[in-house]
Structure formats: C-alpha cells, structure tokens
Amino acid sequence: MVIASRLAAGLGRADGESIIRRLMGKAFNLMVQALVLPGIRDSQCGLKGFHYQAARPIFSRQRLNGFAFDVEVLALARALKIPIKELPLRVKDCPGSTVNRILTPLQMAVDIIYLKLAFFINEYRLPGGYQPLREAATIMTLFFAALALRLPWLWEIPRFIDELKEVRLSYLIFTGQALPLHNAAHDIGAMHNYILAIIFKLLGPGIYWPRLYVACCSALTVIVVYLLGRILFGRTTGLLTSVFLMFNGMNILTSHMAWANCTTPFFFTLAMLSTILAEQKRNGWWLAAAGLLWAAPCKPILR
C-alpha cells in the first residue's frame with residue numbers, strides 16, 4: 001500500500017491553505033496518531049494506491065463512508081500487517097470546499113472513536129487478531145489477585161516504622177508547609193511524597209493511605225511485568241513471570257511499608273516498558289513518558 005503524504009518531505013499541508021483548515025487538519029491528525037495510527041503523518045491525503053492482494057482483505061472489511069474512511073483503511077492495513085509506504089506530495093489548495101467546518105470535524109471524531117471501539121472488540125474479524133477483551137480480563141485478574149495477596153495484615157506486619165518520616169513530609173506538602181526537592185532521605189527524589197500529598201488531597205489525610213498506595217503499586221508491577229514478558233517473549237512467558245512476582249514473598253513484604261524505595265520496582269519496570277514501546281512503535285510520546293519515568297524517582301540535582 002502506498003499513500004501520498006503532504007508532510008513526508010517537510011512540506012506544508014497545502015499551498016494557500018487557510019489557517020482554520022490547517023489547524024483543523026493538525027488537530028485531527030494528532031487525534032488519529034494518538035488513538036489509532038501512531039507514526040502516520042498524513043492519513044487524510046486523498047491519493048492512495050493498493051496492490052490487489054492488499055485491497056481485497058482491506059475493502060472487504062471497510063465500513064465507514066465519511067472522511068474518516070482513510071483512517072479506517074490505514075488501520076486495517078496495519079492490523080493485517082500490510083506494508084505502508086509514504087511518498088511526498090506537494091498540494092495546492094483550491095477554493096470551493098463543501099466541508100462543513102463544524103459538523104464534519106465532529107463526525108470525524110465520532111468515527112474515530114467508533115473505529116477504536118470496533119478494533120477493541122475485534123468487530124472487523126481480523127484473523128489471529130489481538131483480543132483486547134481477553135487481555136483486559138487477564139490484566140484485571142492479575143491485579144486483583146496480586147492485591148488480594150498483599151492486603152492481609154497490610155497495617156499490622158510490620159507495625160509502622162520509620163516510613164512515617166516520609167509520610168510526615170507528605171503531610172507537610174499537603175498542608176503547604178513544605179515544598180521539598182528531596183525525600184526525608186536527601187539522596188532520593190520527592191516524587192513519592194508529592195504523590196502521597198495528592199492522595200491526601202483527594203481522599204483526606206490518613207495514616208493508612210500510604211501503605212495502600214504502595215500495595216497497589218506492587219500489584220500494578222505484576223501487570224507491567226506481564227506486559228513486558230508478553231511483548232518481548234510472548235503471552236505464556238508474560239503470564240509465568242507475572243505469577244512468579246505475584247507470589248514472591250519479598251515483594252509482598254515490601255508492599256507493607258510506605259517507603260519511596262518500595263515503589264521503585266513499579267516505576268522501573270514501567271519506564272522499561274515505555275522505552276521498549278517507544279522503540280517498537282517509533283512513537284515520541286512513549287519516549288517522552290519513558291524519560292519522565294526514568295528521571296522522576298531519581299535523586300535531585302539541586303540540594
């Protein structure tokens with residue numbers, strides 16, 4: 001499949017294009033890249049070519065009739081692992097467009113949401129396609145099973161220890177008495193404390209929230225390890241490694257203490273997952289998220 005792209009060679013979308021139409025096009029393209037087609041710079045250019053062996057499986061499934069049908073076609077091509085090549089094209093804008101500047105963007109947004117949902121439930125009957133409902137059920141099962149193993153005696157074993165220094169600092173942030181650049185320990189960043197302060201703001205200050213937050217981070221680590229294993233080595237490996245972590249006694253014990261270091265496995269594995277996804281998808285947003293996750297829990301530069 002070959003598509004023309006008005007942005008492939010650093011060209012503008014179209015010579016003589018109005019500012020409003022240019023902004024509408026950029027906004028729609030950002031939504032499309034975020035939700036459906038990361039990496040495709042120009043899904044709406046009307047010039048597209050198909051090998052007949054690619055056209056048959058795509059158009060036998062294609063359903064949308066509006067302007068978003070281009071996105072549907074490209075999304076189906078990707079799901080069917082059909083190569084897509086972008087070629088640069090210079091376009092000149094012509095007057096007389098019948099596009100409604102209000103209704104058309106709304107309809108396109110609705111179509112994109114429908115498209116996302118249709119792929120989620122595999123309405124297109126893609127062969128060997130990703131089954132998000134099964135994956136969602138797997139993820140929810142892993143999370144609640146891991147959390148159920150970590151909740152018993154959460155506030156009893158061990159009794160509250162020097163973690164309360166970090167909790168107190170979080171409370172001072174919550175009350176506006178401190179805005180630290182580091183944790184109670186000066187070689188650790190203050191992200192943990194600010195997260196707890198936000199929890200206090202949302203749920204009210206309490207001595208029980210910090211450990212519950214750490215236990216949830218521990219349960220979420222099980223999910224992230226599953227996703228890492230699935231992406232790198234397949235679903236079976238992901239399930240096996242996540243179950244090993246779920247029942248790991250040391251991981252369960254450290255979820256019973258509200259130290260910042262007890263959340264490190266979660267942020268470390270999440271940063272690794274974001275880095276791998278950024279490389280595989282060639283997506284700058286994943287790379288930015290990875291940079292934030294690698295940097296945020298670290299010790300501060302300023303003292």
# chains A, B, ... in the order shown; residues from 1 in each chain; ligands from 1

call {"tool": "residues_around", "arguments": {"residues": "region 282-299 of chain A", "least_positions_apart": "5", "cutoff": "7 Å", "atoms": "only C-alpha atoms", "output": "list of chain:residue names"}}
result
A:Pro38, A:Gly39, A:His182, A:Asp187, A:Ile188, A:Gly189, A:Met191, A:Phe267, A:Ala271, A:Ser274, A:Thr275, A:Leu277

call {"tool": "residues_around", "arguments": {"residues": "Val32 (chain A)", "least_positions_apart": "6", "cutoff": "12 Å", "atoms": "only C-alpha atoms", "output": "PyMOL selection string"}}
result
chain A and resi 25-26+38-44+68-72+74-75+108-113+115-116

call {"tool": "write_last_selection", "arguments": {"atoms": "N, CA and C atoms", "output": "PDB file, in the first residue's frame"}}
result
ATOM      1  N   GLY A  25      -6.856  20.398  10.423  1.00  0.00           N
ATOM      2  CA  GLY A  25      -6.136  19.224   9.945  1.00  0.00           C
ATOM      3  C   GLY A  25      -5.108  18.731  10.942  1.00  0.00           C
ATOM      4  N   LYS A  26      -4.371  19.666  11.551  1.00  0.00           N
ATOM      5  CA  LYS A  26      -3.363  19.274  12.537  1.00  0.00           C
ATOM      6  C   LYS A  26      -4.003  18.658  13.771  1.00  0.00           C
ATOM      7  N   PRO A  38      -0.303   5.750  15.184  1.00  0.00           N
ATOM      8  CA  PRO A  38       0.956   6.413  15.530  1.00  0.00           C
ATOM      9  C   PRO A  38       1.978   6.243  14.413  1.00  0.00           C
ATOM     10  N   GLY A  39       2.621   7.349  14.047  1.00  0.00           N
ATOM     11  CA  GLY A  39       3.668   7.290  13.031  1.00  0.00           C
ATOM     12  C   GLY A  39       3.219   7.640  11.630  1.00  0.00           C
ATOM     13  N   ILE A  40       1.909   7.613  11.342  1.00  0.00           N
ATOM     14  CA  ILE A  40       1.411   8.017  10.032  1.00  0.00           C
ATOM     15  C   ILE A  40       1.191   9.524  10.061  1.00  0.00           C
ATOM     16  N   ARG A  41       1.993  10.259   9.305  1.00  0.00           N
ATOM     17  CA  ARG A  41       1.978  11.720   9.425  1.00  0.00           C
ATOM     18  C   ARG A  41       0.815  12.381   8.702  1.00  0.00           C
ATOM     19  N   ASP A  42       0.286  11.727   7.676  1.00  0.00           N
ATOM     20  CA  ASP A  42      -0.787  12.349   6.897  1.00  0.00           C
ATOM     21  C   ASP A  42      -1.751  11.262   6.420  1.00  0.00           C
ATOM     22  N   SER A  43      -2.762  11.002   7.216  1.00  0.00           N
ATOM     23  CA  SER A  43      -3.721   9.944   6.865  1.00  0.00           C
ATOM     24  C   SER A  43      -4.784  10.425   5.882  1.00  0.00           C
ATOM     25  N   GLN A  44      -4.956  11.755   5.733  1.00  0.00           N
ATOM     26  CA  GLN A  44      -6.105  12.286   5.008  1.00  0.00           C
ATOM     27  C   GLN A  44      -5.809  12.734   3.577  1.00  0.00           C
ATOM     28  N   ALA A  68     -13.442   9.908   7.545  1.00  0.00           N
ATOM     29  CA  ALA A  68     -12.563   9.079   8.368  1.00  0.00           C
ATOM     30  C   ALA A  68     -12.306   7.707   7.757  1.00  0.00           C
ATOM     31  N   PHE A  69     -12.867   7.447   6.564  1.00  0.00           N
ATOM     32  CA  PHE A  69     -12.638   6.134   5.969  1.00  0.00           C
ATOM     33  C   PHE A  69     -11.157   5.928   5.653  1.00  0.00           C
ATOM     34  N   ASP A  70     -10.415   7.010   5.373  1.00  0.00           N
ATOM     35  CA  ASP A  70      -8.972   6.886   5.132  1.00  0.00           C
ATOM     36  C   ASP A  70      -8.279   6.281   6.349  1.00  0.00           C
ATOM     37  N   VAL A  71      -8.667   6.755   7.533  1.00  0.00           N
ATOM     38  CA  VAL A  71      -8.074   6.248   8.764  1.00  0.00           C
ATOM     39  C   VAL A  71      -8.422   4.775   8.940  1.00  0.00           C
ATOM     40  N   GLU A  72      -9.663   4.426   8.651  1.00  0.00           N
ATOM     41  CA  GLU A  72     -10.090   3.035   8.777  1.00  0.00           C
ATOM     42  C   GLU A  72      -9.269   2.132   7.854  1.00  0.00           C
ATOM     43  N   LEU A  74      -6.258   2.640   6.605  1.00  0.00           N
ATOM     44  CA  LEU A  74      -4.870   2.529   7.086  1.00  0.00           C
ATOM     45  C   LEU A  74      -4.785   1.655   8.333  1.00  0.00           C
ATOM     46  N   ALA A  75      -5.757   1.794   9.235  1.00  0.00           N
ATOM     47  CA  ALA A  75      -5.755   0.978  10.447  1.00  0.00           C
ATOM     48  C   ALA A  75      -5.925  -0.501  10.109  1.00  0.00           C
ATOM     49  N   MET A 108     -16.107  13.222  12.111  1.00  0.00           N
ATOM     50  CA  MET A 108     -14.844  12.501  12.022  1.00  0.00           C
ATOM     51  C   MET A 108     -14.382  12.029  13.397  1.00  0.00           C
ATOM     52  N   ALA A 109     -14.562  12.865  14.427  1.00  0.00           N
ATOM     53  CA  ALA A 109     -14.188  12.475  15.788  1.00  0.00           C
ATOM     54  C   ALA A 109     -15.030  11.284  16.254  1.00  0.00           C
ATOM     55  N   VAL A 110     -16.327  11.323  15.975  1.00  0.00           N
ATOM     56  CA  VAL A 110     -17.201  10.207  16.332  1.00  0.00           C
ATOM     57  C   VAL A 110     -16.764   8.932  15.615  1.00  0.00           C
ATOM     58  N   ASP A 111     -16.418   9.054  14.340  1.00  0.00           N
ATOM     59  CA  ASP A 111     -15.983   7.890  13.571  1.00  0.00           C
ATOM     60  C   ASP A 111     -14.687   7.302  14.122  1.00  0.00           C
ATOM     61  N   ILE A 112     -13.768   8.156  14.560  1.00  0.00           N
ATOM     62  CA  ILE A 112     -12.505   7.658  15.113  1.00  0.00           C
ATOM     63  C   ILE A 112     -12.751   6.903  16.411  1.00  0.00           C
ATOM     64  N   ILE A 113     -13.655   7.418  17.242  1.00  0.00           N
ATOM     65  CA  ILE A 113     -13.984   6.726  18.495  1.00  0.00           C
ATOM     66  C   ILE A 113     -14.647   5.379  18.188  1.00  0.00           C
ATOM     67  N   LEU A 115     -14.152   3.661  15.512  1.00  0.00           N
ATOM     68  CA  LEU A 115     -13.096   2.825  14.965  1.00  0.00           C
ATOM     69  C   LEU A 115     -12.259   2.197  16.077  1.00  0.00           C
ATOM     70  N   LYS A 116     -11.933   3.005  17.072  1.00  0.00           N
ATOM     71  CA  LYS A 116     -11.161   2.496  18.206  1.00  0.00           C
ATOM     72  C   LYS A 116     -11.933   1.397  18.924  1.00  0.00           C
TER      73      LYS A 116
END

call {"tool": "residues_around", "arguments": {"residues": "region 239-253 of chain A", "least_positions_apart": "5", "cutoff": "9 Å", "atoms": "only C-alpha atoms", "output": "PyMOL selection string"}}
result
chain A and resi 138+142+145-147+149-150+154+157-158+215+218-219+221-227+229-230+234+262

call {"tool": "write_last_selection", "arguments": {"atoms": "C-alpha atoms", "output": "mmCIF file, in the first residue's frame"}}
result
data_model
loop_
_atom_site.group_PDB
_atom_site.id
_atom_site.type_symbol
_atom_site.label_atom_id
_atom_site.label_comp_id
_atom_site.auth_asym_id
_atom_site.auth_seq_id
_atom_site.Cartn_x
_atom_site.Cartn_y
_atom_site.Cartn_z
ATOM 1 C CA THR A 138 -6.204 -11.156 32.212
ATOM 2 C CA LEU A 142 -3.648 -10.415 37.778
ATOM 3 C CA ALA A 145 -5.161 -11.453 42.690
ATOM 4 C CA ALA A 146 -1.874 -9.680 43.454
ATOM 5 C CA LEU A 147 -3.627 -7.049 45.565
ATOM 6 C CA LEU A 149 -2.250 -11.361 48.430
ATOM 7 C CA ARG A 150 -0.859 -8.040 49.678
ATOM 8 C CA LEU A 154 -1.100 -4.680 55.497
ATOM 9 C CA ILE A 157 3.068 -6.704 59.713
ATOM 10 C CA PRO A 158 5.313 -4.897 60.269
ATOM 11 C CA ALA A 215 0.420 -2.186 47.823
ATOM 12 C CA SER A 218 3.182 -3.612 43.878
ATOM 13 C CA ALA A 219 0.080 -5.170 42.289
ATOM 14 C CA THR A 221 4.104 -4.083 38.930
ATOM 15 C CA VAL A 222 2.767 -7.598 38.366
ATOM 16 C CA ILE A 223 0.753 -6.270 35.414
ATOM 17 C CA VAL A 224 3.688 -4.345 33.934
ATOM 18 C CA VAL A 225 5.919 -7.441 34.204
ATOM 19 C CA TYR A 226 3.225 -9.412 32.365
ATOM 20 C CA LEU A 227 3.129 -6.802 29.578
ATOM 21 C CA GLY A 229 7.071 -10.546 29.078
ATOM 22 C CA ARG A 230 4.262 -10.645 26.519
ATOM 23 C CA GLY A 234 5.066 -13.990 24.199
ATOM 24 C CA CYS A 262 9.168 0.180 47.804
#

call {"tool": "closest_residue", "arguments": {"among": "A:Ala79, A:Trp155, A:Tyr114, A:Val73", "to": "Ser255 (chain A)", "atoms": "only C-alpha atoms"}}
result
A:Trp155

call {"tool": "select_by_dssp", "arguments": {"residues": "region 30-181 of chain A", "states": "strand (DSSP E or B)", "output": "number ranges by chain"}}
result
A: 48-49, 85-88, 92

call {"tool": "atom_distance", "arguments": {"atom1": "CA of Lys48 (chain A)", "atom2": "CA of Met1 (chain A)"}}
result
7.5 Å

call {"tool": "atom_distance", "arguments": {"atom1": "CA of Leu273 (chain A)", "atom2": "CA of Thr254 (chain A)"}}
result
22.0 Å

call {"tool": "closest_residue", "arguments": {"among": "A:Arg21, A:Lys85, A:Arg235, A:His256", "to": "Arg211 (chain A)", "atoms": "only C-alpha atoms"}}
result
A:His256

call {"tool": "closest_residue", "arguments": {"among": "A:Val36, A:Leu103, A:Arg168, A:Ala197", "to": "Lys281 (chain A)", "atoms": "only C-alpha atoms"}}
result
A:Val36

call {"tool": "select_by_dssp", "arguments": {"residues": "region 55-193 of chain A", "states": "helix (DSSP H, G or I)", "output": "VMD selection string"}}
result
chain A and resid 55 to 59 69 to 79 103 to 120 132 to 150 163 to 174 191 to 193

call {"tool": "closest_residue", "arguments": {"among": "A:Ile231, A:Leu89, A:Leu212, A:Leu37", "to": "Ala148 (chain A)", "atoms": "only C-alpha atoms"}}
result
A:Leu212

call {"tool": "atom_distance", "arguments": {"atom1": "CA of Phe174 (chain A)", "atom2": "CA of Leu203 (chain A)"}}
result
11.5 Å
